[in-house]
file model_5.txt (compact mmCIF, C-alpha atoms)
# COMPACT_ATOMS: atom_id res chain seq x y z
CA ILE A 1 26.44 -19.24 8.95
CA LYS A 2 23.27 -21.09 8.09
CA VAL A 3 21.68 -19.81 4.89
CA GLN A 4 17.97 -20.29 4.29
CA ARG A 5 17.36 -22.02 0.96
CA ALA A 6 15.32 -20.02 -1.52
CA PHE A 7 12.24 -21.99 -2.59
CA ASP A 8 11.56 -22.93 -6.20
CA TYR A 9 8.57 -24.69 -7.79
CA ALA A 10 9.77 -28.16 -6.78
CA ALA A 11 10.34 -27.07 -3.18
CA TRP A 12 6.87 -25.55 -2.92
CA GLU A 13 5.37 -28.76 -4.35
CA VAL A 14 7.07 -30.78 -1.63
CA GLN A 15 6.12 -28.23 1.04
CA ARG A 16 2.43 -28.36 0.18
CA LYS A 17 1.84 -32.01 -0.74
CA ASN A 18 4.43 -34.07 1.13
CA PRO A 19 2.65 -35.75 4.10
CA ASP A 20 6.00 -36.46 5.77
CA ARG A 21 7.15 -32.85 5.78
CA TYR A 22 6.48 -32.44 9.51
CA TRP A 23 8.75 -35.35 10.40
CA GLN A 24 11.40 -34.13 7.96
CA ILE A 25 11.35 -30.64 9.45
CA LEU A 26 11.52 -32.08 12.98
CA THR A 27 14.46 -34.31 12.02
CA ALA A 28 16.27 -31.41 10.37
CA THR A 29 15.63 -29.21 13.40
CA LEU A 30 17.05 -31.76 15.81
CA GLY A 31 19.92 -32.79 13.55
CA SER A 32 21.20 -29.63 11.89
CA SER A 33 19.54 -26.67 13.58
CA SER A 34 21.93 -23.82 14.33
CA MET A 35 19.57 -22.67 17.09
CA LEU A 36 20.01 -25.90 19.03
CA THR A 37 23.75 -25.68 18.54
CA ARG A 38 23.80 -22.23 20.14
CA LEU A 39 21.50 -23.27 23.00
CA GLN A 40 23.03 -26.65 23.81
CA GLY A 41 25.08 -25.21 26.70
CA PRO A 42 22.17 -23.50 28.55
CA LEU A 43 19.85 -26.44 27.79
CA PHE A 44 22.37 -28.91 29.23
CA VAL A 45 22.69 -26.89 32.46
CA LEU A 46 18.90 -26.50 32.72
CA ASN A 47 18.29 -30.21 32.24
CA LEU A 48 21.05 -31.05 34.71
CA VAL A 49 19.48 -28.82 37.38
CA ALA A 50 16.01 -30.25 36.67
CA ALA A 51 17.33 -33.80 36.95
CA GLY A 52 19.06 -32.94 40.24
CA VAL A 53 15.86 -31.44 41.69
CA LEU A 54 13.82 -34.46 40.59
CA PHE A 55 16.34 -36.89 42.07
CA TYR A 56 16.38 -35.00 45.36
CA SER A 57 12.58 -34.87 45.54
CA GLN A 58 11.98 -38.51 44.58
CA TYR A 59 14.81 -40.32 46.34
CA LEU A 60 16.35 -38.15 49.05
CA VAL A 61 13.31 -36.48 50.62
CA PRO A 62 11.67 -39.87 51.49
CA THR A 63 14.87 -40.85 53.34
CA GLY A 64 14.54 -37.91 55.74
CA MET A 65 16.26 -35.10 53.88
CA PRO A 66 14.57 -31.70 54.35
CA SER A 67 11.96 -30.73 51.79
CA PHE A 68 12.12 -27.34 50.15
CA SER A 69 9.36 -25.40 48.41
CA LEU A 70 9.09 -22.01 46.77
CA PRO A 71 6.06 -19.72 46.78
CA VAL A 72 4.14 -19.66 43.51
CA LEU A 73 3.30 -15.94 43.59
CA PRO A 74 6.70 -14.59 42.38
CA PHE A 75 6.64 -16.96 39.40
CA THR A 76 3.05 -16.01 38.61
CA ILE A 77 3.89 -12.30 38.60
CA SER A 78 7.15 -12.60 36.70
CA SER A 79 5.70 -14.93 34.05
CA PHE A 80 3.65 -12.04 32.63
CA ALA A 81 6.72 -9.82 32.24
CA LEU A 82 8.75 -12.73 30.85
CA GLY A 83 6.04 -13.41 28.28
CA LEU A 84 6.13 -9.78 27.15
CA LEU A 85 9.92 -9.88 26.81
CA VAL A 86 9.80 -13.09 24.76
CA THR A 87 7.07 -11.65 22.53
CA PHE A 88 9.05 -8.44 22.02
CA ARG A 89 12.17 -10.40 21.11
CA VAL A 90 10.33 -12.64 18.64
CA ASN A 91 8.59 -9.68 16.98
CA THR A 92 11.80 -7.66 16.78
CA SER A 93 13.77 -10.58 15.35
CA THR A 94 11.06 -11.25 12.77
CA ASN A 95 10.93 -7.59 11.75
CA ARG A 96 14.71 -7.46 11.34
CA TYR A 97 14.63 -10.63 9.23
CA VAL A 98 11.83 -9.32 7.00
CA LEU A 99 13.57 -5.96 6.62
CA ALA A 100 16.84 -7.65 5.64
CA ARG A 101 15.07 -9.88 3.13
CA ASN A 102 13.29 -6.88 1.61
CA LYS A 103 16.55 -4.94 1.33
CA TRP A 104 18.29 -7.89 -0.31
CA GLY A 105 15.44 -8.30 -2.78
CA ASP A 106 15.56 -4.58 -3.56
CA ILE A 107 19.32 -4.82 -4.21
CA LEU A 108 18.85 -7.73 -6.63
CA ASN A 109 16.10 -5.93 -8.52
CA ILE A 110 18.15 -2.75 -8.85
CA MET A 111 21.17 -4.71 -10.12
CA ARG A 112 19.06 -6.42 -12.76
CA ASP A 113 17.70 -3.03 -13.81
CA LEU A 114 21.20 -1.52 -14.04
CA CYS A 115 22.48 -4.36 -16.22
CA GLN A 116 19.55 -4.00 -18.60
CA GLN A 117 19.88 -0.23 -18.75
CA ALA A 118 23.61 -0.36 -19.51
CA THR A 119 23.40 -3.03 -22.21
CA LEU A 120 20.34 -1.53 -23.91
CA TRP A 121 21.09 2.19 -23.72
CA SER A 122 24.85 2.34 -24.26
CA PRO A 123 26.02 2.47 -27.90
CA ASN A 124 29.32 0.87 -26.86
CA LYS A 125 28.75 -2.84 -26.14
CA GLU A 126 32.21 -3.41 -24.63
CA LEU A 127 31.81 -0.59 -22.13
CA ALA A 128 28.31 -1.80 -21.25
CA LEU A 129 29.56 -5.35 -20.58
CA ASP A 130 32.43 -3.98 -18.52
CA PHE A 131 29.94 -2.02 -16.40
CA ALA A 132 27.66 -5.06 -16.07
CA ARG A 133 30.58 -7.15 -14.73
CA TRP A 134 30.90 -4.78 -11.79
CA VAL A 135 27.20 -4.81 -10.88
CA PRO A 136 26.96 -8.30 -9.23
CA THR A 137 30.26 -7.61 -7.47
CA PHE A 138 28.41 -5.11 -5.28
CA ALA A 139 26.11 -7.80 -3.83
CA LEU A 140 29.05 -10.12 -3.26
CA THR A 141 31.20 -7.52 -1.52
CA LEU A 142 28.22 -6.40 0.56
CA MET A 143 27.68 -10.00 1.72
CA CYS A 144 31.35 -10.27 2.71
CA HIS A 145 31.28 -6.81 4.32
CA LEU A 146 28.50 -7.92 6.67
CA ARG A 147 30.29 -11.15 7.70
CA ASP A 148 33.31 -11.87 9.83
CA PRO A 149 36.35 -11.18 7.58
CA ARG A 150 38.08 -14.20 9.13
CA SER A 151 35.44 -16.53 7.69
CA HIS A 152 36.15 -15.84 4.00
CA ASP A 153 38.66 -14.60 1.45
CA LEU A 154 37.22 -11.65 -0.46
CA ALA A 155 39.42 -12.16 -3.53
CA ALA A 156 38.53 -15.87 -3.71
CA GLU A 157 34.83 -15.09 -3.32
CA ILE A 158 34.96 -12.64 -6.24
CA ARG A 159 36.86 -15.12 -8.43
CA ASN A 160 34.49 -18.01 -7.64
CA ALA A 161 31.44 -15.87 -8.39
CA ALA A 162 32.62 -15.56 -11.98
CA GLY A 163 32.10 -19.30 -12.53
CA PRO A 164 34.26 -22.42 -12.63
CA GLU A 165 37.89 -22.14 -13.61
CA GLY A 166 38.65 -22.31 -17.32
CA GLU A 167 36.10 -21.38 -19.96
CA GLY A 168 33.58 -20.26 -17.33
CA ARG A 169 35.75 -17.24 -16.55
CA GLU A 170 36.43 -16.22 -20.13
CA GLY A 171 34.47 -14.39 -22.81
CA GLU A 172 31.57 -12.01 -22.36
CA GLY A 173 30.31 -13.81 -19.26
CA ARG A 174 33.55 -13.50 -17.34
CA GLY A 175 33.86 -11.70 -14.04
CA LEU A 176 36.39 -9.13 -12.91
CA THR A 177 40.02 -9.43 -13.92
CA GLU A 178 42.80 -9.99 -11.40
CA GLU A 179 43.80 -6.34 -11.75
CA GLU A 180 40.26 -5.23 -10.92
CA ILE A 181 40.08 -7.60 -7.95
CA GLN A 182 43.35 -6.19 -6.63
CA GLU A 183 41.92 -2.72 -7.16
CA ILE A 184 39.11 -3.62 -4.75
CA LEU A 185 41.50 -5.14 -2.22
CA ASN A 186 43.80 -2.09 -2.38
CA ARG A 187 40.98 0.43 -2.14
CA PRO A 188 41.55 3.69 -0.23
CA ALA A 189 41.62 3.45 3.55
CA GLY A 190 38.28 4.16 5.18
CA MET A 191 36.24 2.95 2.18
CA ASN A 192 34.66 -0.47 2.52
CA ALA A 193 34.51 -2.87 -0.42
CA PRO A 194 30.84 -2.39 -1.48
CA HIS A 195 31.21 1.39 -1.22
CA PHE A 196 34.28 1.25 -3.46
CA VAL A 197 32.44 -0.95 -5.98
CA LEU A 198 29.62 1.61 -6.17
CA HIS A 199 32.23 4.31 -6.71
CA ARG A 200 33.70 2.36 -9.63
CA MET A 201 30.23 1.64 -11.05
CA ARG A 202 29.40 5.32 -11.05
CA ALA A 203 32.68 6.18 -12.76
CA LYS A 204 32.11 3.53 -15.44
CA MET A 205 28.52 4.66 -15.92
CA ASN A 206 29.73 8.15 -16.85
CA ALA A 207 31.73 6.61 -19.71
CA LEU A 208 28.80 4.71 -21.25
CA GLN A 209 27.81 7.61 -23.55
CA ILE A 210 24.19 7.39 -22.42
CA PRO A 211 21.85 10.36 -22.96
CA PRO A 212 21.52 12.56 -19.83
CA ASN A 213 17.85 11.76 -19.22
CA LYS A 214 18.53 8.01 -19.18
CA ARG A 215 21.74 8.42 -17.20
CA LEU A 216 19.73 10.11 -14.46
CA LEU A 217 17.70 6.92 -14.07
CA MET A 218 20.89 4.91 -13.64
CA GLU A 219 22.21 7.50 -11.17
CA TYR A 220 19.02 7.08 -9.17
CA ASN A 221 19.46 3.30 -9.10
CA ILE A 222 23.04 3.60 -7.84
CA THR A 223 21.85 6.05 -5.19
CA ARG A 224 19.28 3.47 -4.10
CA LEU A 225 22.09 0.92 -3.75
CA VAL A 226 23.96 3.39 -1.52
CA ASP A 227 20.81 3.68 0.62
CA ASP A 228 20.44 -0.10 0.82
CA LEU A 229 24.11 -0.41 1.81
CA GLY A 230 23.53 1.98 4.70
CA ALA A 231 20.34 0.16 5.71
CA CYS A 232 22.13 -3.22 5.80
CA GLU A 233 24.95 -1.72 7.88
CA ASN A 234 22.35 -0.27 10.23
CA ILE A 235 20.69 -3.67 10.74
CA PHE A 236 24.08 -5.27 11.37
CA ALA A 237 25.30 -2.55 13.75
CA THR A 238 22.12 -2.35 15.86
CA PRO A 239 21.46 -5.56 17.83
CA ILE A 240 18.42 -6.17 19.97
CA PRO A 241 18.98 -4.50 23.39
CA LEU A 242 20.68 -6.87 25.81
CA GLY A 243 17.94 -6.41 28.39
CA TYR A 244 15.41 -8.02 26.04
CA THR A 245 17.58 -11.03 25.16

call {"tool": "encode", "arguments": {"input": "model_5.txt", "output": "structure tokens"}}
result
Amino acid sequence: IKVQRAFDYAAWEVQRKNPDRYWQILTATLGSSSMLTRLQGPLFVLNLVAAGVLFYSQYLVPTGMPSFSLPVLPFTISSFALGLLVTFRVNTSTNRYVLARNKWGDILNIMRDLCQQATLWSPNKELALDFARWVPTFALTLMCHLRDPRSHDLAAEIRNAAGPEGEGREGEGRGLTEEEIQEILNRPAGMNAPHFVLHRMRAKMNALQIPPNKRLLMEYNITRLVDDLGACENIFATPIPLGYT
């Protein structure tokens, strides 16, 4: 799955001031575009038919072969409807992309807020760090939940997200333990991985010894993550109608 690179300051500098950016984008589109990879079959057939028609018209018709022609009116009438369908598809695809990006940004902001709330409001630092280790796991399991399970190993993804092997997975910055990872893999039937992670986050939040008024704010943030999980599943489960594609 092609992943769009998030821009930083250096990327924006190149995007605005690089005079060769048009050629670079064109080269990247022709060389590594996933769209062209998906369309290479239909484009090959279309070009093959066009080449056959051109060959027949230029070389066989002058030799006495019958000439064929089609009326222009059906193409003129259908082009208007085709243009509307293409416009609808482009607008719908763009809206789905923008909605998904907004949901992902909302998830990241909520997770940052939860980590700050836990570490600042809880009097028990160990419990707060334990809660914070589960927070980024939600985004990771959600990403895997929305992808083909055959394309990744959920346990390996969770381990690699904790950092490189060795010291990167130890100390306060470590990720989940092997026991916790197995807990996610052996979750109850009918509960997907991100839903189970939210369940564990809520259980750990109740043990943080946070005052009720502040705990309500954290409860609200977790509820927002549940809403975003449902919204992402809705985008994934509702494709553009086949008639418009």

call {"tool": "closest_residue", "arguments": {"input": "model_5.txt", "among": "A:Phe55, A:Thr29, A:Ala203, A:Met143", "to": "Ala100 in chain A", "atoms": "all atoms listed in the file"}}
result
A:Met143

call {"tool": "closest_atom_pairs", "arguments": {"input": "model_5.txt", "of": "range 57-116 of chain A", "to": "range 210-224 of chain A", "cutoff": "10 Å", "atoms": "all atoms listed in the file", "output": "tab-separated table"}}
result
residue	atom	partner	partner_atom	distance
A:Asp106	CA	A:Arg224	CA	8.9
A:Ile107	CA	A:Arg224	CA	8.3
A:Asn109	CA	A:Asn221	CA	9.8
A:Ile110	CA	A:Asn221	CA	6.2
A:Met111	CA	A:Asn221	CA	8.3
A:Asp113	CA	A:Asn221	CA	8.1
A:Leu114	CA	A:Met218	CA	6.4
A:Cys115	CA	A:Met218	CA	9.8

call {"tool": "closest_atom_pairs", "arguments": {"input": "model_5.txt", "of": "range 101-201 of chain A", "to": "range 227-241 of chain A", "cutoff": "9 Å", "atoms": "all atoms listed in the file", "output": "tab-separated table"}}
result
residue	atom	partner	partner_atom	distance
A:Lys103	CA	A:Asp228	CA	6.2
A:Trp104	CA	A:Asp228	CA	8.2
A:Asp106	CA	A:Asp228	CA	7.9
A:Ile107	CA	A:Asp228	CA	7.0
A:Leu142	CA	A:Leu229	CA	7.4
A:His145	CA	A:Glu233	CA	8.9
A:Leu146	CA	A:Phe236	CA	7.0
A:Pro194	CA	A:Leu229	CA	7.7
A:His195	CA	A:Leu229	CA	7.9

call {"tool": "write_last_selection", "arguments": {"input": "model_5.txt", "atoms": "C-alpha atoms", "output": "compact mmCIF listing (two decimals), keeping the file's coordinate frame"}}
result
# COMPACT_ATOMS: atom_id res chain seq x y z
CA LYS A 103 16.55 -4.94 1.33
CA TRP A 104 18.29 -7.89 -0.31
CA ASP A 106 15.56 -4.58 -3.56
CA ILE A 107 19.32 -4.82 -4.21
CA LEU A 142 28.22 -6.40 0.56
CA HIS A 145 31.28 -6.81 4.32
CA LEU A 146 28.50 -7.92 6.67
CA PRO A 194 30.84 -2.39 -1.48
CA HIS A 195 31.21 1.39 -1.22

call {"tool": "residues_around", "arguments": {"input": "model_5.txt", "residues": "Glu157 in chain A", "least_positions_apart": "3", "cutoff": "9 Å", "atoms": "all atoms listed in the file", "output": "PyMOL selection string"}}
result
chain A and resi 140-141+144+152-154+160-162

call {"tool": "axis_aligned_box", "arguments": {"input": "model_5.txt", "around": "range 51-60 of chain A", "padding_each_side": "5 Å", "output": "lines of an AutoDock Vina configuration file"}}
result
center_x = 15.5
center_y = -35.9
center_z = 43.0
size_x = 17.1
size_y = 18.9
size_z = 22.1

call {"tool": "atom_distance", "arguments": {"input": "model_5.txt", "atom1": "CA of Ala156 in chain A", "atom2": "CA of Leu176 in chain A"}}
result
11.6 Å

call {"tool": "atom_distance", "arguments": {"input": "model_5.txt", "atom1": "CA of Glu183 in chain A", "atom2": "CA of Met201 in chain A"}}
result
13.1 Å

call {"tool": "atom_distance", "arguments": {"input": "model_5.txt", "atom1": "CA of Glu180 in chain A", "atom2": "CA of Pro149 in chain A"}}
result
19.8 Å
